[in-house]
file data-v3.csv (CSV, C-alpha atoms)
chain,number,residue,atom,x,y,z
A,1,MET,CA,76.3,52.2,103.9
A,2,THR,CA,74.3,55.3,104.6
A,3,PRO,CA,73.7,56.8,108.0
A,4,PRO,CA,70.3,57.9,109.3
A,5,LYS,CA,69.4,61.4,108.3
A,6,ARG,CA,68.5,64.3,110.5
A,7,GLN,CA,65.3,66.2,109.8
A,8,ARG,CA,65.5,69.8,110.6
A,9,ARG,CA,62.7,70.9,112.8
A,10,SER,CA,60.2,73.3,111.4
A,11,PRO,CA,60.1,76.6,113.4
A,12,GLU,CA,56.6,75.9,114.7
A,13,ALA,CA,57.8,72.5,116.0
A,14,VAL,CA,60.3,74.2,118.3
A,15,PRO,CA,59.4,73.3,121.8
A,16,PRO,CA,59.3,76.1,124.4
A,17,GLU,CA,62.3,76.8,126.5
A,18,PRO,CA,62.3,74.4,129.3
A,19,SER,CA,61.1,76.3,132.3
A,20,GLU,CA,63.0,76.6,135.5
A,21,PRO,CA,62.7,73.5,137.6
A,22,ALA,CA,60.9,75.3,140.5
A,23,GLY,CA,57.3,75.8,140.9
A,24,GLU,CA,54.1,74.6,139.3
A,25,GLN,CA,53.5,71.5,141.3
A,26,GLY,CA,50.2,69.7,141.0
A,27,GLU,CA,47.4,70.6,143.3
A,28,GLY,CA,47.6,69.1,146.7
A,29,SER,CA,51.1,67.8,146.4
A,30,GLN,CA,53.5,69.9,148.4
A,31,PRO,CA,56.8,70.3,146.7
A,32,GLU,CA,59.6,68.8,148.6
A,33,ARG,CA,62.4,71.0,149.4
A,34,LEU,CA,65.6,69.3,148.4
A,35,TYR,CA,67.9,71.8,150.0
A,36,ILE,CA,67.5,74.4,152.6
A,37,ILE,CA,70.4,76.7,153.2
A,38,THR,CA,69.3,80.3,153.8
A,39,GLY,CA,71.0,83.0,155.7
A,40,GLN,CA,69.3,85.7,157.6
A,41,GLY,CA,68.3,88.9,155.9
A,42,ASP,CA,68.9,89.4,152.2
A,43,ASP,CA,65.5,88.0,151.5
A,44,ASP,CA,64.9,90.1,148.4
A,45,GLY,CA,65.8,87.1,146.3
A,46,ALA,CA,68.5,88.9,144.4
A,47,ARG,CA,71.3,86.7,143.2
A,48,ALA,CA,74.7,87.8,142.2
A,49,SER,CA,75.4,86.7,138.7
A,50,ILE,CA,77.5,83.6,139.3
A,51,ASP,CA,78.6,81.3,136.6
A,52,LEU,CA,79.9,77.7,136.8
A,53,VAL,CA,83.3,79.1,135.9
A,54,THR,CA,83.3,82.2,138.1
A,55,LEU,CA,86.5,82.0,140.1
A,56,ILE,CA,86.0,82.4,143.8
A,57,VAL,CA,88.8,83.5,146.2
A,58,ALA,CA,88.6,83.9,149.9
A,59,ARG,CA,89.1,87.5,151.2
A,60,ALA,CA,89.1,86.9,154.9
A,61,GLU,CA,89.2,84.3,157.6
A,62,PRO,CA,85.6,83.2,158.4
A,63,PRO,CA,84.4,84.9,161.6
A,64,PRO,CA,83.5,82.4,164.3
A,65,THR,CA,79.8,82.9,163.7
A,66,THR,CA,80.1,81.7,160.1
A,67,PRO,CA,77.8,78.8,159.3
A,68,PRO,CA,79.7,75.5,158.5
A,69,GLU,CA,78.8,75.5,154.8
A,70,GLN,CA,80.1,79.0,154.4
A,71,SER,CA,83.3,78.2,156.4
A,72,ALA,CA,83.8,75.2,154.2
A,73,VAL,CA,83.6,77.4,151.0
A,74,ILE,CA,86.0,79.9,152.5
A,75,GLY,CA,88.4,77.1,153.5
A,76,LEU,CA,88.4,75.7,150.0
A,77,CYS,CA,89.1,78.8,148.1
A,78,THR,CA,92.2,80.2,149.7
A,79,ALA,CA,93.5,79.8,146.2
A,80,PRO,CA,91.1,80.6,143.3
A,81,LEU,CA,88.6,77.9,142.6
A,82,SER,CA,85.7,77.8,140.2
A,83,VAL,CA,82.1,77.5,141.4
A,84,ALA,CA,81.9,74.2,139.6
A,85,GLU,CA,84.9,72.8,141.5
A,86,LEU,CA,83.4,74.1,144.8
A,87,SER,CA,80.2,72.4,143.9
A,88,ALA,CA,82.0,69.1,143.3
A,89,TYR,CA,84.1,69.2,146.4
A,90,LEU,CA,81.3,70.2,148.6
A,91,ASP,CA,78.8,67.9,147.0
A,92,LEU,CA,76.3,70.7,146.6
A,93,PRO,CA,74.3,71.5,143.4
A,94,PHE,CA,75.1,74.6,141.5
A,95,SER,CA,71.8,76.2,142.6
A,96,VAL,CA,72.8,75.9,146.2
A,97,MET,CA,76.3,77.1,145.6
A,98,SER,CA,75.0,80.2,144.1
A,99,VAL,CA,72.9,81.0,147.1
A,100,LEU,CA,75.8,80.4,149.5
A,101,LEU,CA,78.1,82.5,147.4
A,102,THR,CA,75.7,85.3,147.1
A,103,GLU,CA,75.7,85.5,150.9
A,104,LEU,CA,79.5,85.3,151.1
A,105,LEU,CA,79.9,87.9,148.5
A,106,ALA,CA,77.5,90.2,150.3
A,107,ALA,CA,79.4,89.7,153.5
A,108,GLU,CA,82.7,90.4,151.6
A,109,LEU,CA,84.2,87.2,152.7
A,110,VAL,CA,84.9,86.0,149.2
A,111,GLN,CA,85.7,87.7,145.9
A,112,ALA,CA,84.4,86.6,142.5
A,113,ARG,CA,86.4,86.8,139.4
A,114,ALA,CA,84.0,86.9,136.5
A,115,PRO,CA,84.4,84.6,133.5
A,116,ILE,CA,85.1,85.8,130.0
A,117,VAL,CA,82.0,85.1,128.1
A,118,ARG,CA,81.5,84.8,124.4
A,119,SER,CA,80.1,88.0,123.1
A,120,ALA,CA,78.6,88.5,119.7
A,121,LEU,CA,82.1,88.9,118.4
A,122,PRO,CA,84.5,86.4,119.8
A,123,ASP,CA,87.7,87.9,121.0
A,124,ARG,CA,90.4,86.8,118.6
A,125,SER,CA,93.3,87.4,121.0
A,126,LEU,CA,91.5,85.3,123.6
A,127,LEU,CA,91.0,82.4,121.1
A,128,GLU,CA,94.7,82.7,120.1
A,129,ALA,CA,95.7,82.5,123.7
A,130,VAL,CA,93.6,79.4,124.2
A,131,MET,CA,95.1,77.8,121.0
A,132,HIS,CA,98.5,78.6,122.2
A,133,GLY,CA,97.8,77.0,125.6
A,134,LEU,CA,96.3,73.9,124.0
A,135,GLN,CA,99.3,73.4,121.8
A,136,LYS,CA,101.4,73.0,124.9
A,137,LEU,CA,99.4,70.1,126.2
B,1,MET,CA,70.4,67.9,154.5
B,2,ASP,CA,73.5,65.9,154.2
B,3,PHE,CA,76.0,68.6,154.1
B,4,LYS,CA,79.5,67.3,154.6
B,5,ASN,CA,80.9,69.1,157.6
B,6,SER,CA,84.1,71.0,157.0
B,7,ASP,CA,86.1,68.2,158.6
B,8,THR,CA,85.1,65.8,155.9
B,9,VAL,CA,85.3,68.0,152.9
B,10,THR,CA,88.0,66.9,150.6
B,11,GLY,CA,89.4,69.8,148.8
B,12,PRO,CA,91.7,70.0,145.8
B,13,ARG,CA,95.0,68.2,146.1
B,14,ALA,CA,97.9,70.6,146.4
B,15,GLU,CA,98.8,70.2,142.8
B,16,ASP,CA,95.2,70.9,141.7
B,17,HIS,CA,95.2,74.4,143.1
B,18,LEU,CA,95.1,77.2,140.6
B,19,PRO,CA,97.7,79.9,140.9
B,20,HIS,CA,96.7,83.1,142.7
B,21,THR,CA,97.2,84.9,139.5
B,22,ALA,CA,94.2,83.1,137.8
B,23,GLN,CA,92.0,85.9,136.8
B,24,SER,CA,89.3,84.5,134.6
B,25,ALA,CA,88.0,81.4,133.1
B,26,VAL,CA,86.3,80.3,129.8
B,27,LYS,CA,84.2,77.3,129.2
B,28,VAL,CA,83.6,74.8,126.4
B,29,VAL,CA,80.8,72.3,126.5
B,30,ILE,CA,81.1,68.7,125.2
B,31,VAL,CA,77.7,67.4,124.5
B,32,GLY,CA,76.6,64.0,123.4
B,33,GLY,CA,74.4,61.0,124.1
B,34,PHE,CA,74.9,58.6,127.0
B,35,GLY,CA,78.1,56.5,126.7
B,36,VAL,CA,79.5,58.4,123.7
B,37,GLY,CA,82.7,59.3,125.6
B,38,LYS,CA,82.2,62.8,127.0
B,39,THR,CA,83.8,61.9,130.3
B,40,THR,CA,86.6,60.1,128.6
B,41,MET,CA,87.3,63.2,126.5
B,42,VAL,CA,87.2,65.5,129.5
B,43,GLY,CA,89.4,63.2,131.4
B,44,SER,CA,92.0,62.8,128.6
B,45,VAL,CA,92.8,66.5,128.3
B,46,SER,CA,92.0,67.7,131.9
B,47,GLU,CA,94.9,68.6,134.2
B,48,ILE,CA,92.8,67.5,137.2
B,49,ARG,CA,91.0,64.3,137.7
B,50,PRO,CA,87.5,65.0,136.3
B,51,LEU,CA,85.1,66.2,138.9
B,52,THR,CA,81.3,66.0,139.0
B,53,THR,CA,78.8,68.7,139.7
B,54,GLU,CA,75.2,67.7,140.1
B,55,GLU,CA,72.0,69.5,139.7
B,56,THR,CA,68.7,68.4,140.9
B,57,MET,CA,65.3,69.2,139.5
B,58,THR,CA,61.8,68.3,140.5
B,59,GLN,CA,59.0,68.6,138.2
B,60,ALA,CA,55.8,66.9,137.4
B,61,GLY,CA,56.6,64.0,135.1
B,62,VAL,CA,55.1,65.4,131.9
B,63,GLY,CA,56.9,65.0,128.7
B,64,VAL,CA,59.9,63.9,130.5
B,65,ASP,CA,60.7,60.5,129.4
B,66,ASP,CA,58.9,57.3,128.7
B,67,ASN,CA,60.7,55.6,131.6
B,68,TYR,CA,58.9,57.8,134.1
B,69,GLY,CA,55.3,57.5,134.9
B,70,SER,CA,53.3,60.2,133.2
B,71,ASP,CA,51.7,61.6,136.3
B,72,THR,CA,54.3,61.2,139.0
B,73,LYS,CA,56.6,63.9,140.3
B,74,THR,CA,60.2,63.0,139.7
B,75,ALA,CA,63.4,64.3,141.1
B,76,THR,CA,66.1,64.0,138.5
B,77,THR,CA,69.7,64.4,139.4
B,78,VAL,CA,71.9,65.1,136.5
B,79,ALA,CA,75.6,64.8,136.8
B,80,MET,CA,78.0,66.8,134.7
B,81,ASP,CA,81.6,65.8,134.6
B,82,PHE,CA,84.1,68.5,134.0
B,83,GLY,CA,87.8,69.1,133.8
B,84,ARG,CA,90.2,72.0,133.6
B,85,ILE,CA,93.1,73.1,131.5
B,86,SER,CA,95.3,76.0,132.6
B,87,ILE,CA,95.9,78.1,129.5
B,88,THR,CA,98.1,80.8,131.1
B,89,ASP,CA,98.8,81.9,134.7
B,90,GLN,CA,95.8,84.2,134.3
B,91,LEU,CA,93.4,82.2,132.1
B,92,VAL,CA,91.7,78.8,132.7
B,93,LEU,CA,89.7,76.7,130.4
B,94,TYR,CA,86.9,74.5,131.8
B,95,LEU,CA,85.4,71.6,129.8
B,96,PHE,CA,81.9,70.4,130.8
B,97,GLY,CA,80.4,67.2,129.5
B,98,THR,CA,76.7,67.3,129.4
B,99,PRO,CA,74.1,64.8,128.3
B,100,GLY,CA,72.4,65.6,125.1
B,101,GLN,CA,68.9,64.2,125.7
B,102,GLU,CA,66.1,66.7,125.6
B,103,ARG,CA,65.1,66.0,129.1
B,104,PHE,CA,68.4,67.4,130.3
B,105,TRP,CA,68.1,70.7,128.4
B,106,PHE,CA,67.1,72.5,131.6
B,107,LEU,CA,70.8,72.4,132.4
B,108,TRP,CA,71.7,74.2,129.3
B,109,ASN,CA,70.6,77.7,130.2
B,110,GLY,CA,73.4,78.4,132.6
B,111,LEU,CA,75.9,76.1,130.9
B,112,PHE,CA,75.9,77.5,127.4
B,113,GLU,CA,75.5,81.1,128.5
B,114,GLY,CA,78.9,82.6,127.8
B,115,ALA,CA,80.4,79.3,126.6
B,116,LEU,CA,82.9,79.8,123.8
B,117,GLY,CA,81.5,77.0,121.9
B,118,ALA,CA,80.6,73.3,121.9
B,119,VAL,CA,81.9,70.0,120.7
B,120,VAL,CA,79.1,67.5,119.7
B,121,LEU,CA,80.6,64.1,120.3
B,122,LEU,CA,79.1,61.4,118.1
B,123,ASP,CA,79.0,57.6,118.1
B,124,THR,CA,78.2,56.4,114.6
B,125,ARG,CA,76.3,53.5,116.0
B,126,ARG,CA,73.8,56.0,117.4
B,127,LEU,CA,74.1,59.0,115.2
B,128,GLU,CA,70.4,59.9,115.6
B,129,VAL,CA,70.7,60.6,119.3
B,130,SER,CA,72.6,63.7,118.4
B,131,PHE,CA,70.1,65.1,115.9
B,132,ASP,CA,68.1,67.0,118.5
B,133,VAL,CA,71.3,68.4,120.1
B,134,ILE,CA,72.5,69.8,116.9
B,135,GLY,CA,69.2,71.4,116.2
B,136,ARG,CA,69.1,72.9,119.6
B,137,LEU,CA,72.6,74.4,119.3
B,138,GLU,CA,71.7,75.9,116.0
B,139,GLU,CA,68.6,77.5,117.5
B,140,ARG,CA,70.6,78.9,120.4
B,141,GLY,CA,73.3,80.2,118.1
B,142,VAL,CA,76.1,78.3,119.8
B,143,PRO,CA,79.0,77.6,117.5
B,144,PHE,CA,80.0,73.9,117.5
B,145,VAL,CA,82.2,71.4,115.8
B,146,VAL,CA,81.3,67.7,115.4
B,147,ALA,CA,83.8,65.0,116.7
B,148,VAL,CA,83.2,61.4,115.8
B,149,ASN,CA,84.5,59.2,118.5
B,150,ASP,CA,85.9,56.2,116.6
B,151,PHE,CA,84.8,53.1,118.3
B,152,PRO,CA,86.4,50.1,116.7
B,153,ASP,CA,83.1,48.3,116.0
B,154,ALA,CA,81.2,51.3,114.8
B,155,PRO,CA,80.2,51.9,111.2
B,156,ARG,CA,82.6,54.1,109.4
B,157,TYR,CA,80.9,56.7,107.3
B,158,SER,CA,82.7,59.2,105.1
B,159,ILE,CA,82.7,62.8,106.4
B,160,ASP,CA,80.6,63.8,103.4
B,161,ASP,CA,78.0,61.2,104.3
B,162,MET,CA,77.9,62.4,107.8
B,163,ARG,CA,77.7,66.0,106.8
B,164,SER,CA,74.7,65.2,104.7
B,165,ALA,CA,73.1,62.9,107.3
B,166,LEU,CA,73.6,65.6,110.0
B,167,ASP,CA,72.4,68.3,107.5
B,168,LEU,CA,75.4,70.5,108.3
B,169,THR,CA,76.7,73.3,106.2
B,170,ASP,CA,80.2,73.1,104.8
B,171,GLU,CA,81.6,75.5,107.4
B,172,VAL,CA,80.9,73.3,110.4
B,173,PRO,CA,84.0,71.1,111.0
B,174,ILE,CA,83.6,67.4,111.4
B,175,VAL,CA,86.6,65.5,112.7
B,176,ARG,CA,87.3,61.9,113.8
B,177,CYS,CA,88.9,61.4,117.2
B,178,ASP,CA,89.8,58.9,119.8
B,179,ALA,CA,88.5,60.5,123.0
B,180,ARG,CA,90.8,58.3,125.1
B,181,ARG,CA,93.9,60.0,123.6
B,182,ARG,CA,95.0,63.3,125.0
B,183,ALA,CA,96.5,64.5,121.7
B,184,SER,CA,93.3,63.5,119.8
B,185,SER,CA,91.0,65.2,122.2
B,186,ARG,CA,93.2,68.3,122.2
B,187,ASP,CA,93.0,68.4,118.4
B,188,VAL,CA,89.3,68.4,118.6
B,189,LEU,CA,89.5,71.5,120.9
B,190,MET,CA,92.0,73.1,118.6
B,191,THR,CA,89.5,72.5,115.7
B,192,LEU,CA,86.8,74.3,117.7
B,193,MET,CA,89.1,77.2,118.5
B,194,ARG,CA,90.2,77.5,114.9
B,195,PHE,CA,86.6,77.5,113.8
B,196,LEU,CA,85.7,80.2,116.4
B,197,HIS,CA,88.7,82.2,115.2
B,198,SER,CA,87.5,81.9,111.6
B,199,ILE,CA,84.1,83.2,112.7
B,200,ALA,CA,85.7,86.1,114.5
B,201,MET,CA,87.8,86.9,111.4
B,202,THR,CA,84.9,86.9,109.0
B,203,SER,CA,82.6,88.8,111.2
B,204,ALA,CA,85.1,91.5,112.0
B,205,PRO,CA,87.5,92.2,109.1
B,206,ALA,CA,90.3,94.2,110.5
call {"tool": "encode", "arguments": {"input": "data-v3.csv", "output": "structure tokens"}}
result
Amino acid sequence: MTPPKRQRRSPEAVPPEPSEPAGEQGEGSQPERLYIITGQGDDDGARASIDLVTLIVARAEPPPTTPPEQSAVIGLCTAPLSVAELSAYLDLPFSVMSVLLTELLAAELVQARAPIVRSALPDRSLLEAVMHGLQKL
Amino acid sequence: MDFKNSDTVTGPRAEDHLPHTAQSAVKVVIVGGFGVGKTTMVGSVSEIRPLTTEETMTQAGVGVDDNYGSDTKTATTVAMDFGRISITDQLVLYLFGTPGQERFWFLWNGLFEGALGAVVLLDTRRLEVSFDVIGRLEERGVPFVVAVNDFPDAPRYSIDDMRSALDLTDEVPIVRCDARRRASSRDVLMTLMRFLHSIAMTSAPA
């Protein structure tokens, strides 16, 4: 029995990178906003670089004026919690989480612990640590 | 919007908290077609009950999928299940299961960025659904291993036949697994780590 065979795509057949979901709606159709959570100020559109596995830790009790979504984030990450877990527990998409967290980081209410990312040369000692950890499973 | 107010948010169970010493995380992506066992694999090795993060996209329905009208705007919600393995008191590994179909590739930008590598999970009954995924990983330069989830009623091809069918070089590991079993899923991750380690060794002789 032989399995079906993969055809490698020729370079010119490579589709363009999928564009960001935003923008480019057809004429006349107003795009619907799926989520609206924006704080005041900070309207320069800058986003902190937040990854799904950035660990977030609360730095302070939320001040009484903190909006409920932000308070909820702070309440959840008294111990470190990844952005993905926050997104799951709060039922908010990653894109919304990163807006919320950018505001919280700017207000110094939370701290972000950046992930270790794969560089051109993977870090051998990191991989060895992971293997060691997996062996204990 | 339907934000859960803070009274109704269910946070992690006490035993699901990471230690305060947790400093950084790494991620591995498990990619495969619908129903191939991604969530099963995540669940079998995760120390927490798998969680789901969702992303929503709107776009004009062009080139999306035959199931959608060609000129209607669609909102697609894509769920990614993920799990977690504490490696040390400082280091945490996250596993994300993500659908392989081309229409979900918009998710990949943030997901594969910085990921250590990927596991392509296969079902031999539908080998061809993974062809595009493999091509895409190659284009992005993401190192991956192939794991064949052994379903009882699935055709059993030899590893050599699969390597040839998938047009993979000899270096890329192909292993069989039973995604339901923790030890088996763990071995798949070990295979990926060993593969990444061998890449590191060959690219930096020291």
call {"tool": "closest_atom_pairs", "arguments": {"input": "data-v3.csv", "of": "chain B", "to": "chain A", "cutoff": "6 Å", "atoms": "all atoms listed in the file", "output": "Markdown table"}}
result
| residue | atom | partner | partner_atom | distance |
| --- | --- | --- | --- | --- |
| B:Ser6 | CA | A:Ala72 | CA | 5.1 |
| B:Gly11 | CA | A:Tyr89 | CA | 5.8 |
| B:Leu18 | CA | A:Pro80 | CA | 5.9 |
| B:His20 | CA | A:Ala79 | CA | 5.8 |
| B:Ser24 | CA | A:Pro115 | CA | 5.0 |
| B:Ala25 | CA | A:Pro115 | CA | 4.8 |
| B:Val26 | CA | A:Ile116 | CA | 5.6 |
| B:Thr52 | CA | A:Ala88 | CA | 5.3 |
| B:Thr53 | CA | A:Ala88 | CA | 4.8 |
| B:Glu54 | CA | A:Pro93 | CA | 5.1 |
| B:Glu55 | CA | A:Pro93 | CA | 4.8 |
| B:Met57 | CA | A:Pro21 | CA | 5.4 |
| B:Ile87 | CA | A:Gly133 | CA | 4.5 |
| B:Phe106 | CA | A:Pro18 | CA | 5.7 |
| B:Gly114 | CA | A:Val117 | CA | 4.0 |
| B:Leu116 | CA | A:Arg118 | CA | 5.2 |
| B:Phe131 | CA | A:Arg6 | CA | 5.7 |
| B:Ala165 | CA | A:Lys5 | CA | 4.1 |
| B:Leu166 | CA | A:Arg6 | CA | 5.3 |
| B:His197 | CA | A:Arg124 | CA | 6.0 |
| B:Ala200 | CA | A:Pro122 | CA | 5.4 |
call {"tool": "atom_distance", "arguments": {"input": "data-v3.csv", "atom1": "atom CA of Arg59 of chain A", "atom2": "atom CA of Leu105 of chain A"}}
result
9.6 Å
call {"tool": "closest_residue", "arguments": {"input": "data-v3.csv", "among": "B:Val29, B:Val119, B:Ile48, B:Val9", "to": "Met80 of chain B", "atoms": "all atoms listed in the file"}}
result
B:Val29
call {"tool": "residues_near_point", "arguments": {"input": "data-v3.csv", "point": "(84.3, 69.8, 118.8)", "cutoff": "6 Å", "atoms": "all atoms listed in the file", "output": "PyMOL selection string"}}
result
chain B and resi 118-120+145-147+188-189+192
call {"tool": "atom_distance", "arguments": {"input": "data-v3.csv", "atom1": "atom CA of Ala22 of chain B", "atom2": "atom CA of Glu47 of chain B"}}
result
15.0 Å
call {"tool": "atom_distance", "arguments": {"input": "data-v3.csv", "atom1": "atom CA of Phe82 of chain B", "atom2": "atom CA of Glu113 of chain B"}}
result
16.2 Å
